[in-house]
>>> print(open('query11.cif').read())   # mmCIF, C-alpha atoms
data_model
#
loop_
_atom_site.group_PDB
_atom_site.id
_atom_site.type_symbol
_atom_site.label_atom_id
_atom_site.label_comp_id
_atom_site.auth_asym_id
_atom_site.auth_seq_id
_atom_site.Cartn_x
_atom_site.Cartn_y
_atom_site.Cartn_z
ATOM 1 C CA MET S 1 87.150 -44.533 8.350
ATOM 2 C CA LEU S 2 87.713 -46.462 5.138
ATOM 3 C CA LEU S 3 90.608 -45.437 2.878
ATOM 4 C CA HIS S 4 90.743 -47.007 -0.586
ATOM 5 C CA GLY S 5 93.773 -47.921 -2.681
ATOM 6 C CA THR S 6 94.905 -46.408 -5.984
ATOM 7 C CA GLY S 7 92.089 -46.377 -8.515
ATOM 8 C CA GLY S 8 89.456 -46.996 -5.869
ATOM 9 C CA ASN S 9 86.739 -44.718 -4.621
ATOM 10 C CA GLU S 10 84.668 -44.007 -1.548
ATOM 11 C CA ARG S 11 82.375 -47.001 -2.209
ATOM 12 C CA ASP S 12 85.023 -49.706 -2.677
ATOM 13 C CA LEU S 13 85.691 -50.568 0.958
ATOM 14 C CA ILE S 14 82.108 -50.238 2.261
ATOM 15 C CA PRO S 15 81.544 -54.044 2.063
ATOM 16 C CA LEU S 16 84.865 -54.582 3.873
ATOM 17 C CA GLY S 17 83.843 -52.100 6.574
ATOM 18 C CA HIS S 18 80.566 -53.978 7.114
ATOM 19 C CA GLU S 19 82.420 -57.289 7.173
ATOM 20 C CA LEU S 20 84.915 -56.057 9.765
ATOM 21 C CA ASP S 21 82.231 -54.538 12.004
ATOM 22 C CA PRO S 22 78.568 -54.693 10.941
ATOM 23 C CA ASP S 23 77.613 -52.209 13.683
ATOM 24 C CA ALA S 24 80.242 -49.559 12.912
ATOM 25 C CA SER S 25 79.403 -46.164 11.472
ATOM 26 C CA LEU S 26 81.425 -45.717 8.299
ATOM 27 C CA LEU S 27 83.168 -42.631 6.951
ATOM 28 C CA SER S 28 84.652 -43.202 3.513
ATOM 29 C CA PRO S 29 86.269 -40.278 1.670
ATOM 30 C CA ARG S 30 87.572 -40.360 -1.889
ATOM 31 C CA GLY S 31 91.242 -39.550 -2.480
ATOM 32 C CA LYS S 32 91.632 -36.128 -4.119
ATOM 33 C CA SER S 33 94.822 -36.792 -6.047
ATOM 34 C CA LEU S 34 94.622 -38.329 -9.527
ATOM 35 C CA GLU S 35 97.213 -40.550 -11.169
ATOM 36 C CA ASN S 36 96.374 -41.328 -14.791
ATOM 37 C CA GLY S 37 92.735 -40.578 -13.920
ATOM 38 C CA MET S 38 92.756 -42.905 -10.894
ATOM 39 C CA PRO S 39 91.976 -41.480 -7.430
ATOM 40 C CA ARG S 40 94.678 -41.654 -4.771
ATOM 41 C CA PHE S 41 95.116 -39.940 -1.428
ATOM 42 C CA PHE S 42 98.474 -38.378 -2.355
ATOM 43 C CA ARG S 43 100.863 -38.163 -5.310
ATOM 44 C CA ARG S 44 103.789 -40.407 -5.908
ATOM 45 C CA LEU S 45 106.797 -39.753 -8.107
ATOM 46 C CA ALA S 46 107.256 -43.444 -8.972
ATOM 47 C CA GLU S 47 106.096 -46.738 -7.492
ATOM 48 C CA GLY S 48 107.174 -46.671 -3.846
ATOM 49 C CA VAL S 49 108.514 -43.095 -4.133
ATOM 50 C CA PHE S 50 106.136 -40.591 -2.598
ATOM 51 C CA ASP S 51 105.823 -36.849 -3.172
ATOM 52 C CA LEU S 52 106.515 -36.025 0.480
ATOM 53 C CA GLU S 53 105.305 -32.425 0.258
ATOM 54 C CA ASP S 54 101.984 -33.544 -1.210
ATOM 55 C CA LEU S 55 101.750 -36.431 1.271
ATOM 56 C CA GLN S 56 102.116 -34.064 4.228
ATOM 57 C CA LYS S 57 99.606 -31.598 2.785
ATOM 58 C CA ARG S 58 97.063 -34.339 2.025
ATOM 59 C CA THR S 59 97.586 -35.963 5.435
ATOM 60 C CA HIS S 60 96.738 -32.731 7.247
ATOM 61 C CA GLU S 61 93.833 -32.143 4.867
ATOM 62 C CA LEU S 62 92.421 -35.612 5.629
ATOM 63 C CA ALA S 63 92.959 -35.169 9.381
ATOM 64 C CA ASP S 64 91.111 -31.826 9.231
ATOM 65 C CA PHE S 65 88.304 -33.569 7.290
ATOM 66 C CA VAL S 66 87.985 -36.138 10.107
ATOM 67 C CA VAL S 67 87.861 -33.360 12.711
ATOM 68 C CA GLY S 68 85.121 -31.590 10.731
ATOM 69 C CA ALA S 69 83.189 -34.835 10.198
ATOM 70 C CA SER S 70 83.364 -35.623 13.933
ATOM 71 C CA GLN S 71 81.789 -32.256 14.699
ATOM 72 C CA HIS S 72 79.174 -32.549 11.942
ATOM 73 C CA TYR S 73 78.168 -36.165 12.677
ATOM 74 C CA LYS S 74 78.770 -35.827 16.426
ATOM 75 C CA PHE S 75 81.173 -38.703 17.036
ATOM 76 C CA ALA S 76 84.161 -38.735 19.351
ATOM 77 C CA ILE S 77 87.237 -38.216 17.216
ATOM 78 C CA LYS S 78 89.305 -40.462 19.468
ATOM 79 C CA GLN S 79 87.030 -43.374 18.544
ATOM 80 C CA THR S 80 88.048 -43.125 14.891
ATOM 81 C CA ILE S 81 89.656 -46.270 13.518
ATOM 82 C CA ALA S 82 91.234 -46.143 10.070
ATOM 83 C CA VAL S 83 90.982 -49.127 7.750
ATOM 84 C CA GLY S 84 93.187 -48.587 4.733
ATOM 85 C CA TYR S 85 94.337 -50.579 1.751
ATOM 86 C CA SER S 86 97.628 -49.792 -0.038
ATOM 87 C CA ASN S 87 97.603 -46.026 -0.767
ATOM 88 C CA GLY S 88 94.841 -45.638 1.837
ATOM 89 C CA ALA S 89 96.870 -47.603 4.389
ATOM 90 C CA ASN S 90 99.862 -45.383 3.697
ATOM 91 C CA ILE S 91 97.959 -42.152 4.309
ATOM 92 C CA ALA S 92 96.503 -43.673 7.484
ATOM 93 C CA ALA S 93 100.069 -44.471 8.626
ATOM 94 C CA SER S 94 101.034 -40.902 7.751
ATOM 95 C CA MET S 95 98.143 -39.638 9.922
ATOM 96 C CA LEU S 96 99.428 -41.728 12.816
ATOM 97 C CA LEU S 97 102.872 -40.186 12.402
ATOM 98 C CA LEU S 98 101.867 -36.560 11.733
ATOM 99 C CA ARG S 99 98.524 -36.194 13.539
ATOM 100 C CA PRO S 100 98.593 -38.881 16.250
ATOM 101 C CA LYS S 101 95.573 -37.550 18.162
ATOM 102 C CA ILE S 102 93.146 -38.315 15.293
ATOM 103 C CA LEU S 103 93.082 -42.133 15.282
ATOM 104 C CA SER S 104 92.609 -44.539 18.171
ATOM 105 C CA ALA S 105 93.513 -47.565 16.052
ATOM 106 C CA ALA S 106 94.276 -48.581 12.489
ATOM 107 C CA VAL S 107 93.964 -51.647 10.293
ATOM 108 C CA LEU S 108 96.517 -51.313 7.508
ATOM 109 C CA PHE S 109 96.423 -53.693 4.561
ATOM 110 C CA ARG S 110 99.601 -53.617 2.411
ATOM 111 C CA ALA S 111 101.265 -50.618 4.054
ATOM 112 C CA MET S 112 104.799 -49.275 3.952
ATOM 113 C CA VAL S 113 106.698 -46.381 5.555
ATOM 114 C CA PRO S 114 105.078 -43.263 4.082
ATOM 115 C CA LEU S 115 107.530 -40.782 5.615
ATOM 116 C CA ILE S 116 109.808 -40.213 8.576
ATOM 117 C CA PRO S 117 108.341 -37.492 10.811
ATOM 118 C CA GLU S 118 110.533 -34.622 12.015
ATOM 119 C CA THR S 119 109.444 -35.278 15.595
ATOM 120 C CA LYS S 120 108.516 -38.642 17.066
ATOM 121 C CA PRO S 121 104.775 -38.831 17.766
ATOM 122 C CA ASP S 122 103.382 -40.258 20.999
ATOM 123 C CA LEU S 123 101.387 -43.301 19.917
ATOM 124 C CA ARG S 124 101.254 -45.055 23.306
ATOM 125 C CA PRO S 125 97.473 -45.492 23.403
ATOM 126 C CA VAL S 126 97.201 -46.445 19.702
ATOM 127 C CA ARG S 127 96.782 -50.010 18.452
ATOM 128 C CA VAL S 128 97.662 -50.991 14.881
ATOM 129 C CA TRP S 129 97.110 -54.187 12.900
ATOM 130 C CA ILE S 130 99.102 -54.624 9.686
ATOM 131 C CA GLY S 131 98.402 -57.268 7.047
ATOM 132 C CA ALA S 132 101.210 -57.809 4.526
ATOM 133 C CA GLY S 133 101.750 -60.127 1.582
ATOM 134 C CA SER S 134 104.886 -62.284 1.690
ATOM 135 C CA HIS S 135 105.030 -62.154 -2.110
ATOM 136 C CA ASP S 136 103.947 -58.534 -2.581
ATOM 137 C CA PRO S 137 105.627 -57.186 -5.745
ATOM 138 C CA ILE S 138 104.851 -53.569 -4.770
ATOM 139 C CA ILE S 139 105.731 -53.415 -1.077
ATOM 140 C CA PRO S 140 108.857 -55.253 0.069
ATOM 141 C CA ALA S 141 108.574 -57.012 3.424
ATOM 142 C CA SER S 142 111.470 -54.875 4.678
ATOM 143 C CA SER S 143 109.438 -51.678 4.147
ATOM 144 C CA THR S 144 106.503 -53.103 6.097
ATOM 145 C CA LYS S 145 108.849 -54.195 8.889
ATOM 146 C CA ASP S 146 110.358 -50.697 8.917
ATOM 147 C CA LEU S 147 106.866 -49.248 9.392
ATOM 148 C CA VAL S 148 106.218 -51.637 12.283
ATOM 149 C CA GLU S 149 109.472 -50.562 13.950
ATOM 150 C CA LEU S 150 108.728 -46.857 13.402
ATOM 151 C CA LEU S 151 105.277 -47.213 14.978
ATOM 152 C CA ARG S 152 106.567 -49.308 17.881
ATOM 153 C CA VAL S 153 109.355 -46.826 18.671
ATOM 154 C CA ALA S 154 106.606 -44.164 18.862
ATOM 155 C CA GLY S 155 104.793 -46.346 21.419
ATOM 156 C CA ALA S 156 102.071 -47.990 19.311
ATOM 157 C CA ASP S 157 100.939 -51.531 20.077
ATOM 158 C CA VAL S 158 101.474 -53.156 16.662
ATOM 159 C CA THR S 159 100.366 -56.571 15.443
ATOM 160 C CA ILE S 160 101.720 -57.697 12.074
ATOM 161 C CA ARG S 161 100.674 -60.662 9.985
ATOM 162 C CA PHE S 162 102.306 -61.851 6.777
ATOM 163 C CA PHE S 163 100.129 -63.849 4.391
ATOM 164 C CA GLN S 164 101.169 -66.148 1.550
ATOM 165 C CA SER S 165 99.905 -63.654 -1.005
ATOM 166 C CA GLY S 166 100.882 -60.680 -3.096
ATOM 167 C CA HIS S 167 99.403 -57.192 -2.989
ATOM 168 C CA GLU S 168 95.801 -58.421 -3.137
ATOM 169 C CA LEU S 169 93.547 -58.548 -0.096
ATOM 170 C CA THR S 170 92.685 -62.112 0.990
ATOM 171 C CA SER S 171 89.939 -63.643 3.100
ATOM 172 C CA ASP S 172 92.634 -64.539 5.669
ATOM 173 C CA ASP S 173 93.503 -60.820 5.937
ATOM 174 C CA VAL S 174 89.876 -59.954 6.577
ATOM 175 C CA ASP S 175 89.248 -62.793 9.045
ATOM 176 C CA LEU S 176 92.289 -62.011 11.212
ATOM 177 C CA ALA S 177 91.729 -58.253 11.040
ATOM 178 C CA ARG S 178 88.110 -58.757 12.156
ATOM 179 C CA GLU S 179 89.217 -60.945 15.098
ATOM 180 C CA TRP S 180 91.781 -58.326 16.137
ATOM 181 C CA LEU S 181 89.324 -55.466 15.708
ATOM 182 C CA THR S 182 86.716 -57.268 17.826
ATOM 183 C CA LYS S 183 89.250 -57.430 20.679
ATOM 184 C CA VAL S 184 90.224 -53.753 20.261
ATOM 185 C CA VAL S 185 86.685 -52.366 20.019
ATOM 186 C CA GLY S 186 85.254 -54.775 22.536
#
>>> encode(input="query11.cif", output="structure tokens")
Amino acid sequence: MLLHGTGGNERDLIPLGHELDPDASLLSPRGKSLENGMPRFFRRLAEGVFDLEDLQKRTHELADFVVGASQHYKFAIKQTIAVGYSNGANIAASMLLLRPKILSAAVLFRAMVPLIPETKPDLRPVRVWIGAGSHDPIIPASSTKDLVELLRVAGADVTIRFFQSGHELTSDDVDLAREWLTKVVG
């Protein structure tokens, strides 16, 4: 499942999906929230400050969409791997924390802690790869490290890589994510 960043749409990450796994079936929804006319997966109150009520609502809505799509397209829901960038990575992280049975793995580019769940999820079988920019002006390294710790405490097997970049996606991100994904998928 491909989850775009702010201002993106359901077509933006299709080339990335094919690059990460040319044989994968792709599911790529468009975020339903708009910010200054730009699609997002959930509202924010300011940069780095999320509307937690909307985030929870949209997370459950997206998880229910995946359940419905798995029934319609006849794929095993537990084989769903999220690949998200920025806002899309944050809603994927929120799905891991609020609906842990939906995703088997996640590739999160430029992610931060979306929320702290009321109850700790059981993420023991889940594997997560996080690509972060060392010079990211939007997401401080500390917030990415906090996400890693939150996921690890919940039992997820987390791999994190920092790149000498900002918020943009780099070829190094894609190359290392593809290598990791090849090991996870087999």
>>> residues_around(input="query11.cif", residues="S:Arg178", least_positions_apart="6", cutoff="9 Å", atoms="all atoms listed in the file", output="compact mmCIF listing (two decimals) with C-alpha atoms, keeping the file's coordinate frame")
# COMPACT_ATOMS: atom_id res chain seq x y z
CA GLU S 19 82.42 -57.29 7.17
CA LEU S 20 84.92 -56.06 9.76
CA ASP S 21 82.23 -54.54 12.00
>>> closest_atom_pairs(input="query11.cif", of="stretch 138-157 of chain S", to="stretch 85-95 of chain S", cutoff="12 Å", atoms="only C-alpha atoms", output="tab-separated table")
residue	atom	partner	partner_atom	distance
S:Ile138	CA	S:Ser86	CA	9.4
S:Ile139	CA	S:Ser86	CA	8.9
S:Ser143	CA	S:Asn90	CA	11.5
S:Thr144	CA	S:Asn90	CA	10.5
S:Leu147	CA	S:Ala93	CA	8.3
S:Val148	CA	S:Ala93	CA	10.1
S:Leu150	CA	S:Ala93	CA	10.2
S:Leu151	CA	S:Ala93	CA	8.7
S:Ala156	CA	S:Ala93	CA	11.4
>>> residues_around(input="query11.cif", residues="stretch 56-59 of chain S", least_positions_apart="3", cutoff="12 Å", atoms="only C-alpha atoms", output="ChimeraX atom specification")
/S:30-33,40-43,50-53,62-66,87-100,102,114-118
>>> resolve_selection(input="query11.cif", expression="the PyMOL selection byres ((chain S and resi 67-76) around 12)", output="PDB file with C-alpha atoms, in the frame of the given file")
ATOM      1  CA  MET S   1      87.150 -44.533   8.350  1.00  0.00           C
ATOM      2  CA  ALA S  24      80.242 -49.559  12.912  1.00  0.00           C
ATOM      3  CA  SER S  25      79.403 -46.164  11.472  1.00  0.00           C
ATOM      4  CA  LEU S  26      81.425 -45.717   8.299  1.00  0.00           C
ATOM      5  CA  LEU S  27      83.168 -42.631   6.951  1.00  0.00           C
ATOM      6  CA  SER S  28      84.652 -43.202   3.513  1.00  0.00           C
ATOM      7  CA  PRO S  29      86.269 -40.278   1.670  1.00  0.00           C
ATOM      8  CA  HIS S  60      96.738 -32.731   7.247  1.00  0.00           C
ATOM      9  CA  GLU S  61      93.833 -32.143   4.867  1.00  0.00           C
ATOM     10  CA  LEU S  62      92.421 -35.612   5.629  1.00  0.00           C
ATOM     11  CA  ALA S  63      92.959 -35.169   9.381  1.00  0.00           C
ATOM     12  CA  ASP S  64      91.111 -31.826   9.231  1.00  0.00           C
ATOM     13  CA  PHE S  65      88.304 -33.569   7.290  1.00  0.00           C
ATOM     14  CA  VAL S  66      87.985 -36.138  10.107  1.00  0.00           C
ATOM     15  CA  ILE S  77      87.237 -38.216  17.216  1.00  0.00           C
ATOM     16  CA  LYS S  78      89.305 -40.462  19.468  1.00  0.00           C
ATOM     17  CA  GLN S  79      87.030 -43.374  18.544  1.00  0.00           C
ATOM     18  CA  THR S  80      88.048 -43.125  14.891  1.00  0.00           C
ATOM     19  CA  ILE S  81      89.656 -46.270  13.518  1.00  0.00           C
ATOM     20  CA  ARG S  99      98.524 -36.194  13.539  1.00  0.00           C
ATOM     21  CA  LYS S 101      95.573 -37.550  18.162  1.00  0.00           C
ATOM     22  CA  ILE S 102      93.146 -38.315  15.293  1.00  0.00           C
ATOM     23  CA  LEU S 103      93.082 -42.133  15.282  1.00  0.00           C
ATOM     24  CA  SER S 104      92.609 -44.539  18.171  1.00  0.00           C
TER      25      SER S 104
END
>>> closest_residue(input="query11.cif", among="S:Ala154, S:Leu34, S:Val185, S:Val49", to="S:Ala106", atoms="only C-alpha atoms")
S:Val185
>>> atom_distance(input="query11.cif", atom1="atom CA of S:Ala141", atom2="atom CA of S:Ser165")
11.8 Å
>>> atom_distance(input="query11.cif", atom1="atom CA of S:Gly7", atom2="atom CA of S:Gly84")
13.5 Å
>>> closest_residue(input="query11.cif", among="S:Arg127, S:Ala132, S:Asp122, S:Glu47", to="S:Val174", atoms="all atoms listed in the file")
S:Ala132
>>> decode(input="query11.cif", residues="stretch 168-179 of chain S", atoms="N, CA, C and O atoms", output="CSV table (one decimal), in the first residue's frame")
chain,number,residue,atom,x,y,z
S,168,GLU,N,13.6,15.5,1.5
S,168,GLU,CA,13.4,14.8,0.2
S,168,GLU,C,13.8,13.4,0.2
S,168,GLU,O,14.7,13.0,1.0
S,169,LEU,N,13.2,12.6,-0.7
S,169,LEU,CA,13.5,11.2,-0.9
S,169,LEU,C,14.7,11.1,-1.8
S,169,LEU,O,14.8,11.8,-2.8
S,170,THR,N,15.7,10.3,-1.4
S,170,THR,CA,16.9,10.1,-2.2
S,170,THR,C,17.0,8.7,-2.8
S,170,THR,O,16.3,7.8,-2.4
S,171,SER,N,17.9,8.6,-3.8
S,171,SER,CA,18.1,7.3,-4.4
S,171,SER,C,18.7,6.3,-3.3
S,171,SER,O,18.4,5.1,-3.4
S,172,ASP,N,19.5,6.8,-2.4
S,172,ASP,CA,20.0,6.0,-1.3
S,172,ASP,C,18.9,5.4,-0.5
S,172,ASP,O,18.9,4.2,-0.1
S,173,ASP,N,17.9,6.2,-0.2
S,173,ASP,CA,16.7,5.8,0.5
S,173,ASP,C,16.1,4.6,-0.2
S,173,ASP,O,15.8,3.5,0.4
S,174,VAL,N,15.8,4.8,-1.5
S,174,VAL,CA,15.1,3.8,-2.3
S,174,VAL,C,16.0,2.5,-2.4
S,174,VAL,O,15.4,1.4,-2.2
S,175,ASP,N,17.3,2.6,-2.6
S,175,ASP,CA,18.1,1.4,-2.8
S,175,ASP,C,18.2,0.6,-1.5
S,175,ASP,O,18.0,-0.6,-1.5
S,176,LEU,N,18.3,1.3,-0.3
S,176,LEU,CA,18.4,0.5,0.9
S,176,LEU,C,17.1,0.0,1.4
S,176,LEU,O,17.0,-1.1,1.9
S,177,ALA,N,16.0,0.7,1.1
S,177,ALA,CA,14.6,0.2,1.4
S,177,ALA,C,14.3,-1.0,0.5
S,177,ALA,O,13.8,-2.0,1.0
S,178,ARG,N,14.7,-1.0,-0.7
S,178,ARG,CA,14.5,-2.1,-1.6
S,178,ARG,C,15.3,-3.4,-1.1
S,178,ARG,O,14.7,-4.5,-1.1
S,179,GLU,N,16.5,-3.2,-0.7
S,179,GLU,CA,17.3,-4.3,-0.2
S,179,GLU,C,16.7,-4.9,1.0
S,179,GLU,O,16.6,-6.1,1.1
